[in-house]
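A.B. asks: Handing over work_24.pdb, PDB, N, CA and C atoms and all ligand atoms.
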```pdb
ATOM      1  N   MET W   1     146.241  48.961  46.949
ATOM      2  CA  MET W   1     145.804  49.745  48.111
ATOM      3  C   MET W   1     144.321  50.103  47.952
ATOM      4  N   VAL W   2     143.626  50.106  49.076
ATOM      5  CA  VAL W   2     142.221  50.517  49.069
ATOM      6  C   VAL W   2     142.150  52.000  48.713
ATOM      7  N   LYS W   3     141.192  52.358  47.887
ATOM      8  CA  LYS W   3     140.988  53.768  47.533
ATOM      9  C   LYS W   3     139.690  54.252  48.180
ATOM     10  N   ILE W   4     139.768  55.375  48.866
ATOM     11  CA  ILE W   4     138.588  55.915  49.542
ATOM     12  C   ILE W   4     138.210  57.246  48.912
ATOM     13  N   GLU W   5     136.936  57.352  48.598
ATOM     14  CA  GLU W   5     136.422  58.568  47.973
ATOM     15  C   GLU W   5     135.388  59.178  48.917
ATOM     16  N   ILE W   6     135.561  60.438  49.269
ATOM     17  CA  ILE W   6     134.597  61.134  50.130
ATOM     18  C   ILE W   6     133.757  62.081  49.269
ATOM     19  N   ASP W   7     132.461  61.983  49.413
ATOM     20  CA  ASP W   7     131.555  62.906  48.736
ATOM     21  C   ASP W   7     131.357  64.101  49.668
ATOM     22  N   GLU W   8     132.094  65.172  49.405
ATOM     23  CA  GLU W   8     132.053  66.340  50.297
ATOM     24  C   GLU W   8     130.684  67.015  50.312
ATOM     25  N   GLU W   9     129.948  66.860  49.242
ATOM     26  CA  GLU W   9     128.590  67.429  49.219
ATOM     27  C   GLU W   9     127.702  66.713  50.232
ATOM     28  N   ALA W  10     127.913  65.400  50.325
ATOM     29  CA  ALA W  10     127.060  64.583  51.201
ATOM     30  C   ALA W  10     127.512  64.639  52.663
ATOM     31  N   CYS W  11     128.817  64.744  52.900
ATOM     32  CA  CYS W  11     129.347  64.709  54.271
ATOM     33  C   CYS W  11     128.785  65.869  55.100
ATOM     34  N   VAL W  12     128.242  65.520  56.278
ATOM     35  CA  VAL W  12     127.679  66.552  57.157
ATOM     36  C   VAL W  12     128.640  66.926  58.291
ATOM     37  N   GLY W  13     129.848  66.346  58.255
ATOM     38  CA  GLY W  13     130.878  66.730  59.225
ATOM     39  C   GLY W  13     130.605  66.280  60.641
ATOM     40  N   CYS W  14     129.917  65.151  60.803
ATOM     41  CA  CYS W  14     129.571  64.696  62.155
ATOM     42  C   CYS W  14     130.775  64.146  62.911
ATOM     43  N   GLY W  15     131.801  63.732  62.182
ATOM     44  CA  GLY W  15     133.022  63.209  62.828
ATOM     45  C   GLY W  15     132.936  61.755  63.250
ATOM     46  N   SER W  16     131.843  61.089  62.974
ATOM     47  CA  SER W  16     131.693  59.691  63.406
ATOM     48  C   SER W  16     132.754  58.790  62.803
ATOM     49  N   CYS W  17     133.081  59.011  61.553
ATOM     50  CA  CYS W  17     134.091  58.151  60.906
ATOM     51  C   CYS W  17     135.466  58.375  61.534
ATOM     52  N   VAL W  18     135.756  59.602  61.941
ATOM     53  CA  VAL W  18     137.049  59.915  62.570
ATOM     54  C   VAL W  18     137.160  59.167  63.894
ATOM     55  N   GLU W  19     136.077  59.168  64.666
ATOM     56  CA  GLU W  19     136.087  58.485  65.964
ATOM     57  C   GLU W  19     136.060  56.977  65.803
ATOM     58  N   ASP W  20     135.380  56.516  64.790
ATOM     59  CA  ASP W  20     135.124  55.076  64.663
ATOM     60  C   ASP W  20     136.257  54.302  64.019
ATOM     61  N   CYS W  21     136.971  54.891  63.106
ATOM     62  CA  CYS W  21     137.966  54.131  62.346
ATOM     63  C   CYS W  21     139.091  53.640  63.263
ATOM     64  N   PRO W  22     139.314  52.342  63.333
ATOM     65  CA  PRO W  22     140.341  51.819  64.243
ATOM     66  C   PRO W  22     141.764  52.152  63.811
ATOM     67  N   ASN W  23     141.933  52.561  62.577
ATOM     68  CA  ASN W  23     143.289  52.836  62.085
ATOM     69  C   ASN W  23     143.541  54.317  61.805
ATOM     70  N   ASP W  24     142.680  55.178  62.298
ATOM     71  CA  ASP W  24     142.852  56.637  62.152
ATOM     72  C   ASP W  24     143.073  57.060  60.703
ATOM     73  N   VAL W  25     142.264  56.494  59.834
ATOM     74  CA  VAL W  25     142.372  56.820  58.408
ATOM     75  C   VAL W  25     141.848  58.233  58.125
ATOM     76  N   TYR W  26     140.915  58.694  58.954
ATOM     77  CA  TYR W  26     140.283  60.004  58.722
ATOM     78  C   TYR W  26     140.726  61.039  59.752
ATOM     79  N   GLU W  27     140.659  62.297  59.333
ATOM     80  CA  GLU W  27     140.782  63.435  60.254
ATOM     81  C   GLU W  27     139.738  64.450  59.836
ATOM     82  N   MET W  28     139.342  65.303  60.789
ATOM     83  CA  MET W  28     138.418  66.368  60.409
ATOM     84  C   MET W  28     139.194  67.506  59.779
ATOM     85  N   ASP W  29     138.694  68.006  58.681
ATOM     86  CA  ASP W  29     139.213  69.228  58.080
ATOM     87  C   ASP W  29     138.417  70.360  58.713
ATOM     88  N   GLU W  30     139.038  71.009  59.703
ATOM     89  CA  GLU W  30     138.304  72.004  60.506
ATOM     90  C   GLU W  30     137.842  73.187  59.660
ATOM     91  N   GLU W  31     138.627  73.547  58.654
ATOM     92  CA  GLU W  31     138.237  74.676  57.801
ATOM     93  C   GLU W  31     136.970  74.384  57.017
ATOM     94  N   LYS W  32     136.945  73.195  56.449
ATOM     95  CA  LYS W  32     135.789  72.815  55.621
ATOM     96  C   LYS W  32     134.639  72.254  56.447
ATOM     97  N   GLY W  33     134.959  71.760  57.664
ATOM     98  CA  GLY W  33     133.921  71.097  58.453
ATOM     99  C   GLY W  33     133.520  69.771  57.845
ATOM    100  N   LYS W  34     134.477  69.112  57.203
ATOM    101  CA  LYS W  34     134.245  67.813  56.549
ATOM    102  C   LYS W  34     135.369  66.876  56.954
ATOM    103  N   THR W  35     135.133  65.582  56.768
ATOM    104  CA  THR W  35     136.203  64.640  57.030
ATOM    105  C   THR W  35     137.164  64.614  55.842
ATOM    106  N   LYS W  36     138.391  64.190  56.122
ATOM    107  CA  LYS W  36     139.338  63.995  55.024
ATOM    108  C   LYS W  36     140.132  62.721  55.277
ATOM    109  N   VAL W  37     140.586  62.101  54.211
ATOM    110  CA  VAL W  37     141.352  60.864  54.294
ATOM    111  C   VAL W  37     142.821  61.232  54.455
ATOM    112  N   VAL W  38     143.452  60.750  55.534
ATOM    113  CA  VAL W  38     144.861  61.091  55.774
ATOM    114  C   VAL W  38     145.789  59.872  55.764
ATOM    115  N   LYS W  39     145.219  58.673  55.971
ATOM    116  CA  LYS W  39     146.078  57.476  55.982
ATOM    117  C   LYS W  39     145.389  56.343  55.216
ATOM    118  N   GLU W  40     145.184  56.614  53.955
ATOM    119  CA  GLU W  40     144.453  55.652  53.117
ATOM    120  C   GLU W  40     145.122  54.275  53.128
ATOM    121  N   GLU W  41     146.458  54.281  53.209
ATOM    122  CA  GLU W  41     147.203  53.017  53.146
ATOM    123  C   GLU W  41     146.935  52.116  54.345
ATOM    124  N   ASP W  42     146.385  52.698  55.433
ATOM    125  CA  ASP W  42     146.107  51.897  56.626
ATOM    126  C   ASP W  42     144.687  51.339  56.654
ATOM    127  N   CYS W  43     143.901  51.638  55.651
ATOM    128  CA  CYS W  43     142.525  51.116  55.618
ATOM    129  C   CYS W  43     142.554  49.606  55.454
ATOM    130  N   MET W  44     141.831  48.916  56.334
ATOM    131  CA  MET W  44     141.784  47.455  56.257
ATOM    132  C   MET W  44     140.427  46.980  55.741
ATOM    133  N   ALA W  45     139.658  47.908  55.209
ATOM    134  CA  ALA W  45     138.384  47.572  54.561
ATOM    135  C   ALA W  45     137.406  46.862  55.495
ATOM    136  N   CYS W  46     137.368  47.292  56.751
ATOM    137  CA  CYS W  46     136.393  46.694  57.669
ATOM    138  C   CYS W  46     134.992  47.232  57.383
ATOM    139  N   LEU W  47     134.930  48.386  56.733
ATOM    140  CA  LEU W  47     133.693  49.061  56.326
ATOM    141  C   LEU W  47     132.828  49.502  57.512
ATOM    142  N   SER W  48     133.448  49.609  58.670
ATOM    143  CA  SER W  48     132.757  50.125  59.844
ATOM    144  C   SER W  48     132.292  51.565  59.605
ATOM    145  N   CYS W  49     133.131  52.338  58.925
ATOM    146  CA  CYS W  49     132.763  53.742  58.656
ATOM    147  C   CYS W  49     131.528  53.827  57.761
ATOM    148  N   HIS W  50     131.407  52.879  56.845
ATOM    149  CA  HIS W  50     130.218  52.829  55.992
ATOM    150  C   HIS W  50     128.965  52.659  56.835
ATOM    151  N   GLU W  51     129.069  51.770  57.812
ATOM    152  CA  GLU W  51     127.909  51.453  58.637
ATOM    153  C   GLU W  51     127.491  52.648  59.483
ATOM    154  N   ILE W  52     128.475  53.416  59.935
ATOM    155  CA  ILE W  52     128.195  54.466  60.906
ATOM    156  C   ILE W  52     127.882  55.821  60.251
ATOM    157  N   CYS W  53     128.314  56.015  59.035
ATOM    158  CA  CYS W  53     128.121  57.325  58.382
ATOM    159  C   CYS W  53     126.636  57.577  58.100
ATOM    160  N   PRO W  54     126.099  58.672  58.648
ATOM    161  CA  PRO W  54     124.675  58.940  58.453
ATOM    162  C   PRO W  54     124.353  59.427  57.041
ATOM    163  N   ALA W  55     125.391  59.814  56.303
ATOM    164  CA  ALA W  55     125.163  60.389  54.970
ATOM    165  C   ALA W  55     125.633  59.474  53.845
ATOM    166  N   GLN W  56     126.155  58.312  54.202
ATOM    167  CA  GLN W  56     126.716  57.388  53.204
ATOM    168  C   GLN W  56     127.637  58.153  52.246
ATOM    169  N   ALA W  57     128.556  58.901  52.864
ATOM    170  CA  ALA W  57     129.377  59.839  52.094
ATOM    171  C   ALA W  57     130.685  59.256  51.585
ATOM    172  N   MET W  58     130.985  57.995  51.930
ATOM    173  CA  MET W  58     132.259  57.452  51.434
ATOM    174  C   MET W  58     132.069  56.209  50.594
ATOM    175  N   GLU W  59     132.988  56.065  49.655
ATOM    176  CA  GLU W  59     133.036  54.857  48.823
ATOM    177  C   GLU W  59     134.426  54.275  48.965
ATOM    178  N   HIS W  60     134.494  52.954  49.092
ATOM    179  CA  HIS W  60     135.787  52.263  49.127
ATOM    180  C   HIS W  60     135.939  51.461  47.842
ATOM    181  N   HIS W  61     137.077  51.596  47.210
ATOM    182  CA  HIS W  61     137.349  50.848  45.987
ATOM    183  C   HIS W  61     138.524  49.899  46.238
ATOM    184  N   ASP W  62     138.527  48.806  45.514
ATOM    185  CA  ASP W  62     139.614  47.806  45.588
ATOM    186  C   ASP W  62     139.800  47.257  46.994
ATOM    187  N   ILE W  63     138.701  46.971  47.691
ATOM    188  CA  ILE W  63     138.832  46.494  49.077
ATOM    189  C   ILE W  63     139.477  45.115  49.161
ATOM    190  N   HIS W  64     139.521  44.394  48.062
ATOM    191  CA  HIS W  64     140.129  43.051  48.092
ATOM    192  C   HIS W  64     141.648  43.126  48.277
ATOM    193  N   VAL W  65     142.248  44.310  48.118
ATOM    194  CA  VAL W  65     143.707  44.393  48.276
ATOM    195  C   VAL W  65     144.119  44.998  49.621
ATOM    196  N   ALA W  66     143.180  45.099  50.580
ATOM    197  CA  ALA W  66     143.520  45.651  51.896
ATOM    198  C   ALA W  66     144.636  44.835  52.526
ATOM    199  N   LYS W  67     145.596  45.524  53.095
ATOM    200  CA  LYS W  67     146.767  44.835  53.654
ATOM    201  C   LYS W  67     146.714  44.709  55.161
ATOM    202  N   ARG W  68     145.909  45.537  55.809
ATOM    203  CA  ARG W  68     145.872  45.504  57.269
ATOM    204  C   ARG W  68     144.810  44.532  57.753
ATOM    205  N   LEU W  69     144.980  44.069  58.989
ATOM    206  CA  LEU W  69     143.993  43.219  59.619
ATOM    207  C   LEU W  69     143.243  44.035  60.651
ATOM    208  N   TYR W  70     142.091  43.503  61.057
ATOM    209  CA  TYR W  70     141.269  44.221  62.029
ATOM    210  C   TYR W  70     142.013  44.403  63.359
ATOM    211  N   ILE W  71     141.914  45.604  63.928
ATOM    212  CA  ILE W  71     142.518  45.897  65.227
ATOM    213  C   ILE W  71     141.425  46.464  66.126
ATOM    214  N   ASP W  72     141.198  45.829  67.260
ATOM    215  CA  ASP W  72     140.246  46.356  68.217
ATOM    216  C   ASP W  72     140.952  47.439  69.022
ATOM    217  N   ARG W  73     140.402  48.653  69.018
ATOM    218  CA  ARG W  73     141.092  49.780  69.659
ATOM    219  C   ARG W  73     141.308  49.562  71.145
ATOM    220  N   LYS W  74     140.325  48.979  71.840
ATOM    221  CA  LYS W  74     140.464  48.783  73.291
ATOM    222  C   LYS W  74     141.560  47.760  73.571
ATOM    223  N   VAL W  75     141.555  46.687  72.808
ATOM    224  CA  VAL W  75     142.582  45.660  72.995
ATOM    225  C   VAL W  75     143.953  46.250  72.681
ATOM    226  N   LYS W  76     144.032  47.025  71.622
ATOM    227  CA  LYS W  76     145.314  47.616  71.223
ATOM    228  C   LYS W  76     145.844  48.551  72.317
ATOM    229  N   SER W  77     144.957  49.352  72.920
ATOM    230  CA  SER W  77     145.436  50.284  73.949
ATOM    231  C   SER W  77     145.972  49.530  75.161
ATOM    232  N   VAL W  78     145.350  48.408  75.510
ATOM    233  CA  VAL W  78     145.850  47.596  76.628
ATOM    234  C   VAL W  78     147.206  46.997  76.262
ATOM    235  N   LEU W  79     147.303  46.460  75.043
ATOM    236  CA  LEU W  79     148.557  45.849  74.601
ATOM    237  C   LEU W  79     149.685  46.878  74.538
ATOM    238  N   ASP W  80     149.354  48.105  74.079
ATOM    239  CA  ASP W  80     150.375  49.149  73.991
ATOM    240  C   ASP W  80     150.977  49.472  75.359
ATOM    241  N   LYS W  81     150.152  49.360  76.409
ATOM    242  CA  LYS W  81     150.637  49.642  77.761
ATOM    243  C   LYS W  81     151.499  48.507  78.297
ATOM    244  N   MET W  82     151.232  47.309  77.796
ATOM    245  CA  MET W  82     151.941  46.140  78.302
ATOM    246  C   MET W  82     153.287  45.925  77.607
ATOM    247  N   ILE W  83     153.387  46.344  76.339
ATOM    248  CA  ILE W  83     154.635  46.043  75.619
ATOM    249  C   ILE W  83     155.359  47.317  75.210
TER     250      ILE W  83
HETATM  251  S1  LIG W 101     136.895  50.672  56.217
HETATM  252 FE1  LIG W 101     137.550  50.462  58.378
HETATM  253  S2  LIG W 101     139.753  50.872  58.312
HETATM  254 FE2  LIG W 101     138.918  51.606  56.381
HETATM  255  S3  LIG W 101     138.502  53.765  56.704
HETATM  256 FE3  LIG W 101     136.617  52.656  57.201
HETATM  257  S4  LIG W 101     136.685  52.252  59.414
HETATM  258 FE4  LIG W 101     138.758  52.817  58.726
HETATM  259  S1  LIG W 102     130.625  59.852  59.214
HETATM  260 FE1  LIG W 102     130.011  60.516  57.145
HETATM  261  S2  LIG W 102     128.964  62.475  57.462
HETATM  262 FE2  LIG W 102     130.130  62.041  59.337
HETATM  263  S3  LIG W 102     132.105  63.113  59.021
HETATM  264 FE3  LIG W 102     132.361  60.981  58.298
HETATM  265  S4  LIG W 102     131.909  61.065  56.083
HETATM  266 FE4  LIG W 102     131.107  62.941  57.001
END
```
So, in terms of structure tokens, how does the structure I just supplied come out?
C.D. replies:
Amino acid sequence: MVKIEIDEEACVGCGSCVEDCPNDVYEMDEEKGKTKVVKEEDCMACLSCHEICPAQAMEHHDIHVAKRLYIDRKVKSVLDKMI
């Protein structure tokens, strides 16, 4: 399984990773004002969150063992309505 490490010192709580992740791996921890990993097992190692994070606050380990495939959120929402 992919392992995700969040550097809470670096995270500025912008929420971009929460909005961007196609598999809802992150949620905002409202108390701390930081992101938190809630569904690590669903990470497919697309590294989109890496690209979008302004603070480079996350590290992904063992990305070669990702089990999920890329899912486009817009396509998925259309498919969910159809099936
Ligand atoms: S690498 Fe992709 S799937 Fe994994 S947490 Fe980041 S955005 Fe989500
Ligand atoms: S994108 Fe980066 S700075 Fe923004 S909430 Fe996520 S980890 Fe924190």
A.B. asks: Could you state which residues are captured by the PyMOL selection byres (((chain W and resi 48-51) around 7) and not hetatm) in this file, as a PyMOL selection string?
C.D. replies: chain W and resi 16-17+20-21+45-47+52-54+56+58
A.B. asks: Report, in Å to a single decimal, how far apart atom N of Asp62 (chain W) and atom C of Lys36 (chain W) are.
C.D. replies: 17.1 Å
A.B. asks: Mind listing the helix (DSSP H, G or I) residues of chain W, per DSSP on the backbone, as number ranges by chain?
C.D. replies: W: 16-20, 40-42, 48-52, 63-65, 73-82
A.B. asks: List every residue of region 7-70 of chain W that DSSP, applied to the backbone of this structure, assigns to strand (DSSP E), and report them as a list in words.
C.D. replies: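 Here is the list: Tyr26, Glu27, Met28, Asp29, Lys34, Thr35, Lys36, Val37, Met58, Glu59, His60 and His61 of chain W.
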A.B. asks: Keeping only N, CA and C atoms, write the selected residues as a PDB file, in the coordinates of the input.
C.D. replies:
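Saved result, selection_22.pdb, follows:
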```
ATOM      1  N   TYR W  26     140.915  58.694  58.954  1.00  0.00           N
ATOM      2  CA  TYR W  26     140.283  60.004  58.722  1.00  0.00           C
ATOM      3  C   TYR W  26     140.726  61.039  59.752  1.00  0.00           C
ATOM      4  N   GLU W  27     140.659  62.297  59.333  1.00  0.00           N
ATOM      5  CA  GLU W  27     140.782  63.435  60.254  1.00  0.00           C
ATOM      6  C   GLU W  27     139.738  64.450  59.836  1.00  0.00           C
ATOM      7  N   MET W  28     139.342  65.303  60.789  1.00  0.00           N
ATOM      8  CA  MET W  28     138.418  66.368  60.409  1.00  0.00           C
ATOM      9  C   MET W  28     139.194  67.506  59.779  1.00  0.00           C
ATOM     10  N   ASP W  29     138.694  68.006  58.681  1.00  0.00           N
ATOM     11  CA  ASP W  29     139.213  69.228  58.080  1.00  0.00           C
ATOM     12  C   ASP W  29     138.417  70.360  58.713  1.00  0.00           C
ATOM     13  N   LYS W  34     134.477  69.112  57.203  1.00  0.00           N
ATOM     14  CA  LYS W  34     134.245  67.813  56.549  1.00  0.00           C
ATOM     15  C   LYS W  34     135.369  66.876  56.954  1.00  0.00           C
ATOM     16  N   THR W  35     135.133  65.582  56.768  1.00  0.00           N
ATOM     17  CA  THR W  35     136.203  64.640  57.030  1.00  0.00           C
ATOM     18  C   THR W  35     137.164  64.614  55.842  1.00  0.00           C
ATOM     19  N   LYS W  36     138.391  64.190  56.122  1.00  0.00           N
ATOM     20  CA  LYS W  36     139.338  63.995  55.024  1.00  0.00           C
ATOM     21  C   LYS W  36     140.132  62.721  55.277  1.00  0.00           C
ATOM     22  N   VAL W  37     140.586  62.101  54.211  1.00  0.00           N
ATOM     23  CA  VAL W  37     141.352  60.864  54.294  1.00  0.00           C
ATOM     24  C   VAL W  37     142.821  61.232  54.455  1.00  0.00           C
ATOM     25  N   MET W  58     130.985  57.995  51.930  1.00  0.00           N
ATOM     26  CA  MET W  58     132.259  57.452  51.434  1.00  0.00           C
ATOM     27  C   MET W  58     132.069  56.209  50.594  1.00  0.00           C
ATOM     28  N   GLU W  59     132.988  56.065  49.655  1.00  0.00           N
ATOM     29  CA  GLU W  59     133.036  54.857  48.823  1.00  0.00           C
ATOM     30  C   GLU W  59     134.426  54.275  48.965  1.00  0.00           C
ATOM     31  N   HIS W  60     134.494  52.954  49.092  1.00  0.00           N
ATOM     32  CA  HIS W  60     135.787  52.263  49.127  1.00  0.00           C
ATOM     33  C   HIS W  60     135.939  51.461  47.842  1.00  0.00           C
ATOM     34  N   HIS W  61     137.077  51.596  47.210  1.00  0.00           N
ATOM     35  CA  HIS W  61     137.349  50.848  45.987  1.00  0.00           C
ATOM     36  C   HIS W  61     138.524  49.899  46.238  1.00  0.00           C
TER      37      HIS W  61
END
```
A.B. asks: Return as a list in words the set of residues that the PyMOL selection byres (((chain W and resi 7) around 6.5) and not hetatm) yields on the displayed structure.
C.D. replies: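 Going through the file, the PyMOL selection byres (((chain W and resi 7) around 6.5) and not hetatm) ends up selecting Glu5, Ile6, Glu8, Glu9, Ala10, Cys11, Ala57, Met58 and Glu59 of chain W.
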A.B. asks: Rank W:Met1, W:Cys43, W:Ala55, W:Val38 by their smallest atom-to-atom distance to ligand LIG 102 (chain W), using all atoms listed in the file, and report the top residue only.
C.D. replies: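 Answer, going by the shortest atom-to-atom distance: W:Ala55.
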A.B. asks: With distances taken over only C-alpha atoms, which of W:Val18, W:Met44, W:Val12, W:Val75 is nearest to His60 (chain W)?
C.D. replies: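 Using only C-alpha atoms, His60 (chain W) sits closest to W:Met44.
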A.B. asks: Between W:Glu19, W:His64, W:Gly13, W:Leu79, which has the minimum distance to Lys32 (chain W) (counting only N, CA and C atoms)?
C.D. replies: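 Closest candidate: W:Gly13.
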A.B. asks: Running the PyMOL selection byres (((chain W and resi 42 and name CA) around 12) and not hetatm and name CA) on this model by hand, what would come out? Give it as number ranges by chain.
C.D. replies: W: 1-4, 21-26, 37-41, 43-46, 63, 65-71
A.B. asks: What does the distance between atom C of Met28 (chain W) and atom FE2 of ligand LIG 101 (chain W) come to in Å, to one decimal place?
C.D. replies: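 Here the two named atoms are 16.3 Å from each other.
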A.B. asks: Please report the interatomic distance between CA of His61 (chain W) and CA of Glu30 (chain W) in Å with one decimal.
C.D. replies: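 We find that CA of His61 (chain W) and CA of Glu30 (chain W) lie 25.7 Å from each other.
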A.B. asks: Between W:Asp72, W:Ile83, W:Asp29, W:Ser77, single out the one closest to ligand LIG 101 (chain W), counting only C-alpha atoms and all ligand atoms.
C.D. replies: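 Nearest candidate to ligand LIG 101 (chain W) out of W:Asp72, W:Ile83, W:Asp29, W:Ser77: W:Asp72.
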